[in-house]
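Enquirer: Pasting model_15.txt below, which is compact mmCIF, C-alpha atoms.
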# COMPACT_ATOMS: atom_id res chain seq x y z
CA MET A 1 88.04 -149.91 5.80
CA ASN A 2 88.45 -151.86 9.01
CA THR A 3 89.51 -155.49 9.11
CA ALA A 4 86.02 -156.81 9.91
CA ASP A 5 84.58 -155.09 6.82
CA GLN A 6 87.35 -156.52 4.65
CA TYR A 7 86.40 -159.99 5.87
CA LEU A 8 82.68 -159.40 5.30
CA LYS A 9 83.33 -158.17 1.77
CA THR A 10 85.49 -161.20 1.02
CA ILE A 11 82.95 -163.67 2.42
CA PHE A 12 80.28 -161.97 0.32
CA LEU A 13 82.35 -162.36 -2.86
CA VAL A 14 83.36 -165.96 -2.15
CA GLN A 15 79.72 -166.87 -1.42
CA ARG A 16 78.78 -165.37 -4.76
CA LEU A 17 81.54 -167.28 -6.57
CA GLU A 18 80.96 -170.59 -4.84
CA ASP A 19 77.21 -170.23 -4.64
CA GLY A 20 77.46 -171.47 -1.08
CA ARG A 21 79.41 -171.08 2.13
CA ALA A 22 82.90 -169.58 2.15
CA SER A 23 85.51 -172.02 3.39
CA THR A 24 88.27 -171.01 5.79
CA GLY A 25 90.92 -172.00 3.24
CA GLU A 26 89.43 -169.92 0.45
CA LEU A 27 89.11 -166.90 2.73
CA ALA A 28 92.69 -167.33 3.98
CA ASP A 29 93.93 -167.45 0.37
CA ARG A 30 92.00 -164.42 -0.73
CA LEU A 31 92.90 -162.35 2.31
CA ASP A 32 96.48 -163.63 2.43
CA VAL A 33 96.26 -164.48 6.13
CA SER A 34 96.54 -167.73 8.07
CA PRO A 35 93.53 -170.06 8.52
CA ALA A 36 93.87 -169.49 12.27
CA SER A 37 93.38 -165.75 11.77
CA VAL A 38 90.33 -166.42 9.62
CA ASN A 39 88.81 -168.68 12.25
CA GLU A 40 89.41 -166.11 14.96
CA MET A 41 87.76 -163.31 12.98
CA ILE A 42 84.87 -165.53 11.86
CA GLY A 43 84.22 -166.29 15.53
CA LYS A 44 84.08 -162.56 16.33
CA LEU A 45 81.80 -161.83 13.39
CA ALA A 46 79.52 -164.71 14.41
CA GLU A 47 79.31 -163.30 17.95
CA ARG A 48 78.23 -159.98 16.44
CA GLY A 49 75.48 -161.70 14.44
CA LEU A 50 77.06 -160.89 11.07
CA VAL A 51 78.12 -164.39 10.08
CA ASP A 52 76.70 -167.86 10.50
CA HIS A 53 79.52 -170.37 10.86
CA GLU A 54 79.30 -174.14 10.66
CA LYS A 55 82.36 -176.19 11.42
CA TYR A 56 83.76 -177.98 8.34
CA LYS A 57 81.20 -176.23 6.11
CA GLY A 58 82.30 -172.63 6.27
CA ALA A 59 80.88 -169.17 6.80
CA LYS A 60 77.75 -167.55 5.47
CA LEU A 61 76.67 -163.95 5.97
CA THR A 62 73.51 -163.19 7.93
CA ASP A 63 71.11 -160.52 6.60
CA ASP A 64 72.89 -157.89 8.73
CA GLY A 65 76.21 -159.20 7.47
CA ILE A 66 75.06 -158.85 3.85
CA VAL A 67 74.10 -155.20 4.40
CA ARG A 68 77.53 -154.43 5.91
CA ALA A 69 79.31 -156.41 3.19
CA GLU A 70 77.50 -154.53 0.42
CA ASP A 71 78.47 -151.21 1.97
CA ALA A 72 82.09 -152.38 2.21
CA LEU A 73 82.02 -153.55 -1.40
CA GLN A 74 80.65 -150.19 -2.48
CA THR A 75 83.50 -148.41 -0.68
CA TYR A 76 85.94 -150.70 -2.46
CA CYS A 77 84.27 -150.11 -5.85
CA ILE A 78 84.56 -146.34 -5.38
CA LEU A 79 88.25 -146.73 -4.60
CA GLU A 80 88.88 -148.92 -7.65
CA ARG A 81 86.98 -146.61 -9.95
CA PHE A 82 88.70 -143.54 -8.50
CA LEU A 83 92.15 -145.09 -9.02
CA ALA A 84 91.30 -146.27 -12.53
CA ASN A 85 89.45 -143.22 -13.83
CA VAL A 86 90.79 -140.22 -11.89
CA LEU A 87 94.38 -141.18 -11.09
CA GLU A 88 94.59 -143.41 -14.19
CA VAL A 89 96.34 -146.24 -12.36
CA ASP A 90 96.73 -149.30 -14.61
CA GLU A 91 97.18 -151.67 -11.69
CA PHE A 92 94.14 -150.29 -9.90
CA ARG A 93 93.12 -153.69 -8.50
CA ASP A 94 96.44 -154.26 -6.74
CA GLU A 95 96.61 -150.71 -5.46
CA ALA A 96 93.00 -150.73 -4.27
CA LYS A 97 93.80 -153.81 -2.20
CA GLN A 98 96.83 -152.10 -0.67
CA LEU A 99 94.96 -148.89 0.10
CA GLU A 100 91.60 -150.20 1.27
CA PRO A 101 92.61 -150.65 4.93
CA VAL A 102 93.47 -146.92 5.09
CA ILE A 103 90.43 -145.58 3.23
CA ASP A 104 87.37 -145.09 5.37
CA GLU A 105 83.84 -145.18 3.90
CA THR A 106 83.36 -141.45 4.56
CA VAL A 107 86.50 -140.69 2.54
CA ALA A 108 85.28 -142.96 -0.26
CA GLY A 109 81.93 -141.17 -0.11
CA ARG A 110 83.70 -137.89 -0.79
CA LEU A 111 85.69 -139.34 -3.68
CA ASP A 112 82.38 -140.60 -5.01
CA LEU A 113 81.46 -136.94 -5.70
CA ILE A 114 83.77 -136.87 -8.70
CA ILE A 115 83.41 -140.32 -10.20
CA ASP A 116 80.69 -141.64 -12.41
CA ARG A 117 79.48 -144.96 -11.04
CA GLU A 118 76.93 -147.15 -12.77
CA ALA A 119 73.45 -147.46 -11.31
CA ASP A 120 73.93 -151.18 -10.60
CA CYS A 121 76.99 -150.60 -8.35
CA PRO A 122 78.03 -152.65 -6.37
CA ASP A 123 76.19 -155.51 -8.11
CA CYS A 124 78.39 -154.89 -11.16
CA PHE A 125 81.43 -156.04 -9.20
CA ASP A 126 82.87 -159.19 -10.76
CA ALA A 127 84.16 -161.45 -7.98
CA GLU A 128 86.24 -163.45 -10.43
CA THR A 129 88.32 -160.57 -11.80
CA ASP A 130 88.08 -158.68 -8.51
CA ALA A 131 86.98 -155.54 -10.33
CA CYS A 132 83.92 -153.68 -11.51
CA LYS A 133 82.81 -155.32 -14.75
CA TYR A 134 82.75 -151.93 -16.48
CA LEU A 135 86.41 -151.21 -15.77
CA GLU A 136 89.03 -152.32 -18.22
CA VAL A 137 91.42 -154.69 -16.49
CA ALA A 138 94.86 -154.31 -18.07
CA SER A 139 95.76 -158.00 -18.02
CA ASP A 140 92.44 -159.12 -19.44
CA PRO A 141 91.91 -158.16 -23.09
CA GLU A 142 88.39 -159.56 -23.00
CA ALA A 143 87.30 -157.15 -20.30
CA VAL A 144 84.51 -154.74 -21.14
CA MET A 145 85.76 -151.25 -21.93
CA ASP A 146 84.71 -148.46 -19.63
CA ASP A 147 82.59 -145.77 -21.19
CA MET B 1 97.91 -157.48 0.53
CA SER B 2 97.74 -156.48 4.14
CA LEU B 3 94.59 -156.18 6.22
CA ALA B 4 96.39 -153.79 8.56
CA ALA B 5 96.05 -150.06 8.06
CA ARG B 6 99.74 -149.44 7.42
CA VAL B 7 101.72 -147.56 4.77
CA ASP B 8 104.51 -149.83 3.58
CA SER B 9 106.07 -148.11 0.56
CA ASP B 10 106.73 -144.79 -1.16
CA THR B 11 104.26 -145.71 -3.90
CA GLN B 12 101.51 -146.33 -1.39
CA LEU B 13 102.36 -143.15 0.51
CA ALA B 14 102.43 -141.05 -2.67
CA ARG B 15 99.08 -142.47 -3.72
CA LEU B 16 97.54 -141.62 -0.34
CA LEU B 17 98.94 -138.09 -0.51
CA GLN B 18 97.43 -137.77 -4.00
CA ILE B 19 94.08 -138.78 -2.48
CA GLY B 20 94.62 -136.03 0.12
CA VAL B 21 95.25 -133.53 -2.68
CA VAL B 22 92.05 -134.59 -4.43
CA LEU B 23 90.01 -134.26 -1.20
CA GLU B 24 91.35 -130.72 -0.81
CA GLU B 25 90.66 -129.93 -4.45
CA VAL B 26 87.09 -131.17 -4.10
CA VAL B 27 86.54 -128.85 -1.11
CA GLU B 28 88.07 -125.93 -3.01
CA ALA B 29 86.16 -126.52 -6.23
CA ARG B 30 82.83 -127.14 -4.50
CA ALA B 31 83.23 -124.05 -2.32
CA HIS B 32 83.53 -121.92 -5.49
CA ARG B 33 80.50 -123.55 -7.04
CA HIS B 34 78.38 -123.36 -3.89
CA TYR B 35 78.70 -119.62 -3.74
CA ARG B 36 77.98 -119.15 -7.41
CA THR B 37 74.83 -121.27 -7.24
CA LEU B 38 73.35 -119.96 -3.98
CA PRO B 39 70.18 -117.93 -4.53
CA GLU B 40 70.83 -114.17 -4.22
CA ALA B 41 68.65 -113.97 -1.09
CA GLU B 42 70.81 -116.49 0.72
CA ARG B 43 74.18 -114.88 0.01
CA ASP B 44 75.83 -112.81 2.65
CA ASP B 45 79.27 -111.73 3.85
CA VAL B 46 79.51 -114.47 6.46
CA ILE B 47 78.96 -117.34 4.06
CA GLU B 48 81.17 -115.69 1.49
CA ALA B 49 83.98 -115.34 4.04
CA LEU B 50 83.54 -118.97 5.15
CA LEU B 51 83.71 -120.36 1.64
CA GLU B 52 86.63 -118.16 0.72
CA GLU B 53 88.54 -119.18 3.82
CA ALA B 54 87.78 -122.87 3.19
CA SER B 55 88.97 -122.50 -0.35
CA GLU B 56 92.22 -120.75 0.64
CA GLU B 57 92.92 -123.28 3.38
CA SER B 58 92.42 -126.20 0.99
CA HIS B 59 94.73 -124.51 -1.48
CA GLU B 60 97.43 -124.19 1.17
CA HIS B 61 96.98 -127.81 2.30
CA ARG B 62 97.28 -128.93 -1.29
CA ARG B 63 100.52 -126.99 -1.69
CA ARG B 64 101.98 -128.65 1.42
CA LEU B 65 100.93 -132.13 0.28
CA GLU B 66 102.42 -131.46 -3.15
CA ASN B 67 105.78 -130.66 -1.53
CA LEU B 68 105.73 -134.11 0.07
CA ILE B 69 104.68 -135.73 -3.20
CA ASP B 70 107.60 -133.97 -4.93
CA ASP B 71 109.99 -135.37 -2.33
CA LEU B 72 108.71 -138.84 -3.24
CA ASP B 73 109.41 -138.18 -6.95
CA ALA B 74 105.75 -138.63 -7.75
CA THR B 75 103.35 -136.26 -9.49
CA SER B 76 100.35 -134.49 -8.08
CA VAL B 77 96.83 -134.33 -9.50
CA PRO B 78 96.17 -131.14 -11.51
CA PHE B 79 93.48 -128.95 -9.94
CA ASP B 80 91.89 -128.23 -13.32
CA GLU B 81 91.16 -131.92 -13.81
CA VAL B 82 89.44 -132.29 -10.44
CA LYS B 83 87.61 -128.98 -10.95
CA GLU B 84 86.20 -130.35 -14.18
CA LEU B 85 85.15 -133.62 -12.52
CA VAL B 86 83.47 -131.70 -9.70
CA GLY B 87 81.69 -129.64 -12.35
CA ASN B 88 80.53 -132.74 -14.23
CA GLN B 89 78.92 -134.25 -11.13
CA TYR B 90 77.85 -131.05 -9.38
CA ALA B 91 74.31 -130.93 -10.72
CA LYS B 92 73.68 -134.39 -9.24
CA THR B 93 75.34 -133.70 -5.90
CA LYS B 94 74.84 -130.01 -5.14
CA PRO B 95 73.30 -128.87 -1.86
CA GLU B 96 69.71 -127.65 -2.06
CA ASP B 97 70.06 -124.49 -0.01
CA PHE B 98 72.14 -122.48 2.42
CA ASP B 99 71.99 -125.14 5.17
CA GLY B 100 73.03 -127.70 2.61
CA VAL B 101 76.07 -125.61 1.69
CA LEU B 102 77.15 -125.42 5.33
CA TYR B 103 76.57 -129.13 5.77
CA ASP B 104 78.64 -129.88 2.68
CA GLN B 105 81.48 -127.75 4.04
CA LEU B 106 81.23 -129.48 7.40
CA HIS B 107 81.23 -132.89 5.73
CA GLY B 108 84.26 -131.95 3.62
CA GLU B 109 86.25 -130.83 6.67
CA GLU B 110 85.20 -133.85 8.76
CA THR B 111 86.13 -136.23 5.97
CA ALA B 112 89.50 -134.59 5.52
CA TYR B 113 90.11 -134.79 9.28
CA LYS B 114 89.27 -138.51 9.26
CA PHE B 115 91.51 -139.09 6.26
CA TYR B 116 94.56 -137.38 7.82
CA ASP B 117 93.91 -139.08 11.14
CA ASP B 118 93.87 -142.53 9.50
CA LEU B 119 96.90 -141.68 7.37
CA ILE B 120 98.92 -140.56 10.40
CA ASP B 121 98.01 -143.82 12.20
CA ALA B 122 99.00 -145.83 9.11
CA VAL B 123 102.38 -144.08 8.85
CA GLU B 124 103.00 -144.50 12.57
CA ALA B 125 102.15 -148.22 12.32
CA SER B 126 104.87 -148.73 9.72
CA ASP B 127 108.63 -149.18 10.10
CA ALA B 128 109.22 -148.46 6.42
CA GLU B 129 111.88 -145.95 5.37
CA PHE B 130 110.23 -143.40 3.12
CA GLY B 131 111.78 -141.16 0.48
CA VAL B 132 110.50 -138.22 2.51
CA ASP B 133 111.69 -137.34 5.99
CA ARG B 134 109.35 -139.08 8.46
CA SER B 135 109.21 -136.14 10.91
CA LYS B 136 108.52 -133.67 8.14
CA LEU B 137 105.78 -135.97 6.85
CA LEU B 138 104.13 -136.47 10.23
CA ASP B 139 104.47 -132.80 11.25
CA THR B 140 102.82 -131.69 8.02
CA LEU B 141 99.99 -134.20 8.32
CA ARG B 142 99.40 -133.34 11.98
CA ASP B 143 99.31 -129.59 11.22
CA ILE B 144 96.80 -130.12 8.45
CA ARG B 145 94.70 -132.42 10.63
CA GLU B 146 94.67 -129.73 13.33
CA GLU B 147 93.46 -127.12 10.85
CA GLU B 148 90.73 -129.46 9.64
CA ALA B 149 89.59 -129.91 13.26
CA ARG B 150 89.41 -126.13 13.65
CA GLY B 151 87.49 -125.92 10.38
CA VAL B 152 84.95 -128.46 11.62
CA GLU B 153 84.49 -126.43 14.80
CA GLU B 154 84.02 -123.14 12.92
CA VAL B 155 81.40 -124.53 10.57
CA ALA B 156 79.62 -126.38 13.38
CA ASN B 157 79.49 -123.14 15.42
CA MET B 158 78.11 -121.25 12.47
CA MET B 159 75.44 -123.88 11.93
CA GLU B 160 74.49 -123.66 15.59
CA GLU B 161 74.27 -119.87 15.49
CA ARG B 162 72.02 -119.99 12.45
CA ALA B 163 69.77 -122.74 13.82
Would you mind writing the structure in this file as structure tokens?
Expert:
Amino acid sequence: MNTADQYLKTIFLVQRLEDGRASTGELADRLDVSPASVNEMIGKLAERGLVDHEKYKGAKLTDDGIVRAEDALQTYCILERFLANVLEVDEFRDEAKQLEPVIDETVAGRLDLIIDREADCPDCFDAETDACKYLEVASDPEAVMDD
Amino acid sequence: MSLAARVDSDTQLARLLQIGVVLEEVVEARAHRHYRTLPEAERDDVIEALLEEASEESHEHRRRLENLIDDLDATSVPFDEVKELVGNQYAKTKPEDFDGVLYDQLHGEETAYKFYDDLIDAVEASDAEFGVDRSKLLDTLRDIREEEARGVEEVANMMEERA
């Protein structure tokens, strides 16, 4: 997944969590990059009509941005579910984050042929735990068990 | 986390090679199923040869990837497991007809090409020392990528001839 899509996905999730615009600081924390890098990328995404940015208020996805972000989130969900269910990786969230820049959406689409996703994917993605709500997160005993 | 497409560790590399193995296994398992489920009227020697060749090539790619995974002291993904998963989802994802079978083969080869291409870039972008010899790794991945490119061309030509 390219860098722009990783940003769009993150803005989408922060917007959902905050119920409002995504601040530069929050995006920098989540993406583990500097605020300057965030501002630079937000500027590029705004030029491409994917993000609406207001100084001191933060970034908000446009309708086109939401479509791209949902596709990116779906790619990420496939990767998480593949790692958790096929390769049986306990730390699937950490590994999905490491691998997502190298996994293209067409590759994820192929992996999707062998996993069983829920019909509400990617809406079932929980921004707080950073995982599909149906996947059991090792560190969270309250998490809902996968079927 | 890193936003850059770069392989930084043996664990990450082994995981990506495992993904490569699974992509090959999916091609191999689906090729078997495609032929078995094609209506009698649509079966012929050409499609049989194509699917058999695709299946053998994926098998060979898998073997080469598994050698690299062994060098990294990691384990591969058993073919039987992936075959079963392909089987479980096949009814929902199977091609409708002969053209669909060719398209699925084309898509499988194109996806594999894209995967190896991105993986090679990600290895080249990294200065990390891996538990596997870097030249052996890159040579293997480049060879496989080349064969995937040839596979794409063969299927595309066949589709054109049949159009």
Enquirer: Which residues are near Asp32 in chain A? Cut-off 12 Å, only C-alpha atoms, ignore same chain within fewer than 5 positions. Put them as a list in words.
Expert: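 So, after excluding close chain neighbours, the residues are Gln6, Tyr7, Thr10, Thr24, Gly25, Glu26, Leu27, Ser37, Val38, Lys97 and Gln98 of chain A; Met1, Ser2, Leu3 and Ala4 of chain B.
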Enquirer: Could you please select, counting all atoms listed in the file, the residues of chain A within 6 Å of chain B and state them as a ChimeraX atom specification?
Expert: /A:3,98,101-102,107,114
Enquirer: Any idea what's packed within 8 Å of Asp130 in chain A, counting all atoms listed in the file, ignoring anything in its chain fewer than 4 positions away? Could you give it as a PyMOL selection string?
Expert: chain A and resi 93+125-126
Enquirer: Could you list as a list in words every residue that has an atom within 9 Å of (76.3, -160.3, 3.4), using the file's coordinates and counting all atoms listed in the file?
Expert: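 The distance filter leaves exactly Leu8, Lys9, Ile11, Phe12, Leu13, Gln15, Leu50, Val51, Lys60, Leu61, Thr62, Asp63, Asp64, Gly65, Ile66, Val67, Arg68, Ala69 and Glu70 of chain A.
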Enquirer: For Leu17 in chain B, which residue out of B:His59, B:Arg64, B:Arg33, B:Arg43 is the nearest one, using only C-alpha atoms?
Expert: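 Comparing B:His59, B:Arg64, B:Arg33, B:Arg43 against Leu17 in chain B, the winner is B:Arg64.
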Enquirer: In terms of the shortest atom-to-atom distance over all atoms listed in the file, which of B:Leu65, B:Met158, B:Leu72, B:Ile47 is closest to Asp143 in chain B?
Expert: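 With all atoms listed in the file as the atom set, the closest residue is B:Leu65.
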Enquirer: Grab the CA of Ala46 in chain A to CA of Glu128 in chain A distance for me, in Å with one decimal place.
Expert: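 Interatomic distance, CA of Ala46 in chain A to CA of Glu128 in chain A: 25.8 Å.
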Enquirer: So, counting all atoms listed in the file, which residue among A:Asn2, A:Lys44, A:Arg16, A:Leu79 is closest to Arg110 in chain A?
Expert: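 Using all atoms listed in the file, Arg110 in chain A sits closest to A:Leu79.
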Enquirer: Would you mind reading off the distance between CA of Ala49 in chain B and CA of Ala31 in chain B, one decimal, in Å?
Expert: 10.8 Å
Enquirer: Take CA of Pro95 in chain B and CA of Ile144 in chain B and report the distance between them in Å, one decimal.
Expert: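 Spanning CA of Pro95 in chain B to CA of Ile144 in chain B is a straight-line distance of 25.7 Å.
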Enquirer: Give me the box for range 151-160 of chain B as JSON, namely the centre and edge lengths in Å to one decimal of a box along x, y and z that holds every listed atom plus 3 Å on each side.
Expert:
{"center_x": 81.0, "center_y": -124.9, "center_z": 13.0, "size_x": 19.0, "size_y": 13.2, "size_z": 11.2}
Enquirer: List the residues sitting within 10 Å of (90.8, -149.4, -5.6) in the file's frame, using all atoms listed in the file, as a PyMOL selection string.
Expert: chain A and resi 75-84+89+91-100+103+131
Enquirer: Which residue is closest to His32 in chain B? Choose from B:Glu96, B:Glu161, B:Asp73, B:Glu53 and count all atoms listed in the file.
Expert: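 The closest residue to His32 in chain B is B:Glu53.
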Enquirer: Applying 12 Å and all atoms listed in the file, which residues near Asp133 in chain B remain after dropping the ones on its own chain fewer than 2 positions away? List them as a list in words.
Expert: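 So, after excluding close chain neighbours, the residues are Asp10, Asn67, Leu68, Ile69, Asp71, Leu72, Val123, Ala128, Glu129, Phe130, Gly131, Ser135, Lys136, Leu137, Leu138, Asp139 and Thr140 of chain B.
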Enquirer: Write out the residues from the selection above, keeping C-alpha atoms, as an mmCIF file, in the frame of the given file.
Expert:
data_model
loop_
_atom_site.group_PDB
_atom_site.id
_atom_site.type_symbol
_atom_site.label_atom_id
_atom_site.label_comp_id
_atom_site.auth_asym_id
_atom_site.auth_seq_id
_atom_site.Cartn_x
_atom_site.Cartn_y
_atom_site.Cartn_z
ATOM 1 C CA ASP B 10 106.730 -144.790 -1.160
ATOM 2 C CA ASN B 67 105.780 -130.660 -1.530
ATOM 3 C CA LEU B 68 105.730 -134.110 0.070
ATOM 4 C CA ILE B 69 104.680 -135.730 -3.200
ATOM 5 C CA ASP B 71 109.990 -135.370 -2.330
ATOM 6 C CA LEU B 72 108.710 -138.840 -3.240
ATOM 7 C CA VAL B 123 102.380 -144.080 8.850
ATOM 8 C CA ALA B 128 109.220 -148.460 6.420
ATOM 9 C CA GLU B 129 111.880 -145.950 5.370
ATOM 10 C CA PHE B 130 110.230 -143.400 3.120
ATOM 11 C CA GLY B 131 111.780 -141.160 0.480
ATOM 12 C CA SER B 135 109.210 -136.140 10.910
ATOM 13 C CA LYS B 136 108.520 -133.670 8.140
ATOM 14 C CA LEU B 137 105.780 -135.970 6.850
ATOM 15 C CA LEU B 138 104.130 -136.470 10.230
ATOM 16 C CA ASP B 139 104.470 -132.800 11.250
ATOM 17 C CA THR B 140 102.820 -131.690 8.020
#
Enquirer: Could you add whatever atoms are missing so that range 74-104 of chain A carries N, CA and C atoms, then write the result as a PDB file, in the coordinates of the input?
Expert:
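Now in out.pdb:
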ATOM      1  N   GLN A  74      80.852-151.471  -1.797  1.00  0.00           N
ATOM      2  CA  GLN A  74      80.650-150.190  -2.480  1.00  0.00           C
ATOM      3  C   GLN A  74      81.851-149.259  -2.234  1.00  0.00           C
ATOM      4  N   THR A  75      82.318-149.227  -1.003  1.00  0.00           N
ATOM      5  CA  THR A  75      83.500-148.410  -0.680  1.00  0.00           C
ATOM      6  C   THR A  75      84.677-148.845  -1.544  1.00  0.00           C
ATOM      7  N   TYR A  76      84.828-150.150  -1.672  1.00  0.00           N
ATOM      8  CA  TYR A  76      85.940-150.700  -2.460  1.00  0.00           C
ATOM      9  C   TYR A  76      85.782-150.349  -3.948  1.00  0.00           C
ATOM     10  N   CYS A  77      84.536-150.435  -4.434  1.00  0.00           N
ATOM     11  CA  CYS A  77      84.270-150.110  -5.850  1.00  0.00           C
ATOM     12  C   CYS A  77      84.615-148.649  -6.128  1.00  0.00           C
ATOM     13  N   ILE A  78      84.256-147.765  -5.198  1.00  0.00           N
ATOM     14  CA  ILE A  78      84.560-146.340  -5.380  1.00  0.00           C
ATOM     15  C   ILE A  78      86.072-146.167  -5.480  1.00  0.00           C
ATOM     16  N   LEU A  79      86.789-146.851  -4.599  1.00  0.00           N
ATOM     17  CA  LEU A  79      88.250-146.730  -4.600  1.00  0.00           C
ATOM     18  C   LEU A  79      88.849-147.238  -5.911  1.00  0.00           C
ATOM     19  N   GLU A  80      88.379-148.380  -6.379  1.00  0.00           N
ATOM     20  CA  GLU A  80      88.880-148.920  -7.650  1.00  0.00           C
ATOM     21  C   GLU A  80      88.595-147.961  -8.799  1.00  0.00           C
ATOM     22  N   ARG A  81      87.375-147.485  -8.842  1.00  0.00           N
ATOM     23  CA  ARG A  81      86.980-146.610  -9.950  1.00  0.00           C
ATOM     24  C   ARG A  81      87.737-145.284  -9.876  1.00  0.00           C
ATOM     25  N   PHE A  82      87.946-144.791  -8.668  1.00  0.00           N
ATOM     26  CA  PHE A  82      88.700-143.540  -8.500  1.00  0.00           C
ATOM     27  C   PHE A  82      90.141-143.735  -8.998  1.00  0.00           C
ATOM     28  N   LEU A  83      90.759-144.830  -8.595  1.00  0.00           N
ATOM     29  CA  LEU A  83      92.150-145.090  -9.020  1.00  0.00           C
ATOM     30  C   LEU A  83      92.216-145.252 -10.543  1.00  0.00           C
ATOM     31  N   ALA A  84      91.265-145.991 -11.094  1.00  0.00           N
ATOM     32  CA  ALA A  84      91.300-146.270 -12.530  1.00  0.00           C
ATOM     33  C   ALA A  84      90.979-145.025 -13.359  1.00  0.00           C
ATOM     34  N   ASN A  85      89.942-144.297 -12.965  1.00  0.00           N
ATOM     35  CA  ASN A  85      89.450-143.220 -13.830  1.00  0.00           C
ATOM     36  C   ASN A  85      90.012-141.834 -13.509  1.00  0.00           C
ATOM     37  N   VAL A  86      90.289-141.566 -12.231  1.00  0.00           N
ATOM     38  CA  VAL A  86      90.790-140.220 -11.890  1.00  0.00           C
ATOM     39  C   VAL A  86      92.312-140.214 -11.859  1.00  0.00           C
ATOM     40  N   LEU A  87      92.908-141.163 -11.156  1.00  0.00           N
ATOM     41  CA  LEU A  87      94.380-141.180 -11.090  1.00  0.00           C
ATOM     42  C   LEU A  87      95.000-141.998 -12.232  1.00  0.00           C
ATOM     43  N   GLU A  88      94.150-142.636 -13.017  1.00  0.00           N
ATOM     44  CA  GLU A  88      94.590-143.410 -14.190  1.00  0.00           C
ATOM     45  C   GLU A  88      95.676-144.439 -13.856  1.00  0.00           C
ATOM     46  N   VAL A  89      95.407-145.201 -12.804  1.00  0.00           N
ATOM     47  CA  VAL A  89      96.340-146.240 -12.360  1.00  0.00           C
ATOM     48  C   VAL A  89      96.013-147.535 -13.114  1.00  0.00           C
ATOM     49  N   ASP A  90      96.980-148.057 -13.868  1.00  0.00           N
ATOM     50  CA  ASP A  90      96.730-149.300 -14.610  1.00  0.00           C
ATOM     51  C   ASP A  90      96.471-150.474 -13.665  1.00  0.00           C
ATOM     52  N   GLU A  91      97.312-150.554 -12.631  1.00  0.00           N
ATOM     53  CA  GLU A  91      97.180-151.670 -11.690  1.00  0.00           C
ATOM     54  C   GLU A  91      96.217-151.302 -10.558  1.00  0.00           C
ATOM     55  N   PHE A  92      95.044-150.817 -10.923  1.00  0.00           N
ATOM     56  CA  PHE A  92      94.140-150.290  -9.900  1.00  0.00           C
ATOM     57  C   PHE A  92      93.641-151.371  -8.933  1.00  0.00           C
ATOM     58  N   ARG A  93      93.581-152.630  -9.406  1.00  0.00           N
ATOM     59  CA  ARG A  93      93.120-153.690  -8.500  1.00  0.00           C
ATOM     60  C   ARG A  93      94.116-153.922  -7.376  1.00  0.00           C
ATOM     61  N   ASP A  94      95.403-154.026  -7.749  1.00  0.00           N
ATOM     62  CA  ASP A  94      96.440-154.260  -6.740  1.00  0.00           C
ATOM     63  C   ASP A  94      96.523-153.082  -5.764  1.00  0.00           C
ATOM     64  N   GLU A  95      96.471-151.887  -6.339  1.00  0.00           N
ATOM     65  CA  GLU A  95      96.610-150.710  -5.460  1.00  0.00           C
ATOM     66  C   GLU A  95      95.379-150.537  -4.565  1.00  0.00           C
ATOM     67  N   ALA A  96      94.208-150.852  -5.097  1.00  0.00           N
ATOM     68  CA  ALA A  96      93.000-150.730  -4.270  1.00  0.00           C
ATOM     69  C   ALA A  96      93.097-151.659  -3.065  1.00  0.00           C
ATOM     70  N   LYS A  97      93.644-152.844  -3.298  1.00  0.00           N
ATOM     71  CA  LYS A  97      93.800-153.810  -2.200  1.00  0.00           C
ATOM     72  C   LYS A  97      94.768-153.272  -1.139  1.00  0.00           C
ATOM     73  N   GLN A  98      95.843-152.634  -1.618  1.00  0.00           N
ATOM     74  CA  GLN A  98      96.830-152.100  -0.670  1.00  0.00           C
ATOM     75  C   GLN A  98      96.250-150.926   0.135  1.00  0.00           C
ATOM     76  N   LEU A  99      95.431-150.122  -0.543  1.00  0.00           N
ATOM     77  CA  LEU A  99      94.960-148.890   0.100  1.00  0.00           C
ATOM     78  C   LEU A  99      93.688-149.061   0.917  1.00  0.00           C
ATOM     79  N   GLU A 100      92.916-150.109   0.636  1.00  0.00           N
ATOM     80  CA  GLU A 100      91.600-150.200   1.270  1.00  0.00           C
ATOM     81  C   GLU A 100      91.627-150.184   2.806  1.00  0.00           C
ATOM     82  N   PRO A 101      92.665-150.742   3.467  1.00  0.00           N
ATOM     83  CA  PRO A 101      92.610-150.650   4.930  1.00  0.00           C
ATOM     84  C   PRO A 101      92.712-149.213   5.448  1.00  0.00           C
ATOM     85  N   VAL A 102      93.261-148.299   4.615  1.00  0.00           N
ATOM     86  CA  VAL A 102      93.470-146.920   5.090  1.00  0.00           C
ATOM     87  C   VAL A 102      92.313-146.000   4.680  1.00  0.00           C
ATOM     88  N   ILE A 103      91.499-146.450   3.727  1.00  0.00           N
ATOM     89  CA  ILE A 103      90.430-145.580   3.230  1.00  0.00           C
ATOM     90  C   ILE A 103      89.100-145.916   3.889  1.00  0.00           C
ATOM     91  N   ASP A 104      88.625-144.944   4.643  1.00  0.00           N
ATOM     92  CA  ASP A 104      87.370-145.090   5.370  1.00  0.00           C
ATOM     93  C   ASP A 104      86.177-144.853   4.418  1.00  0.00           C
TER      94      ASP A 104
END
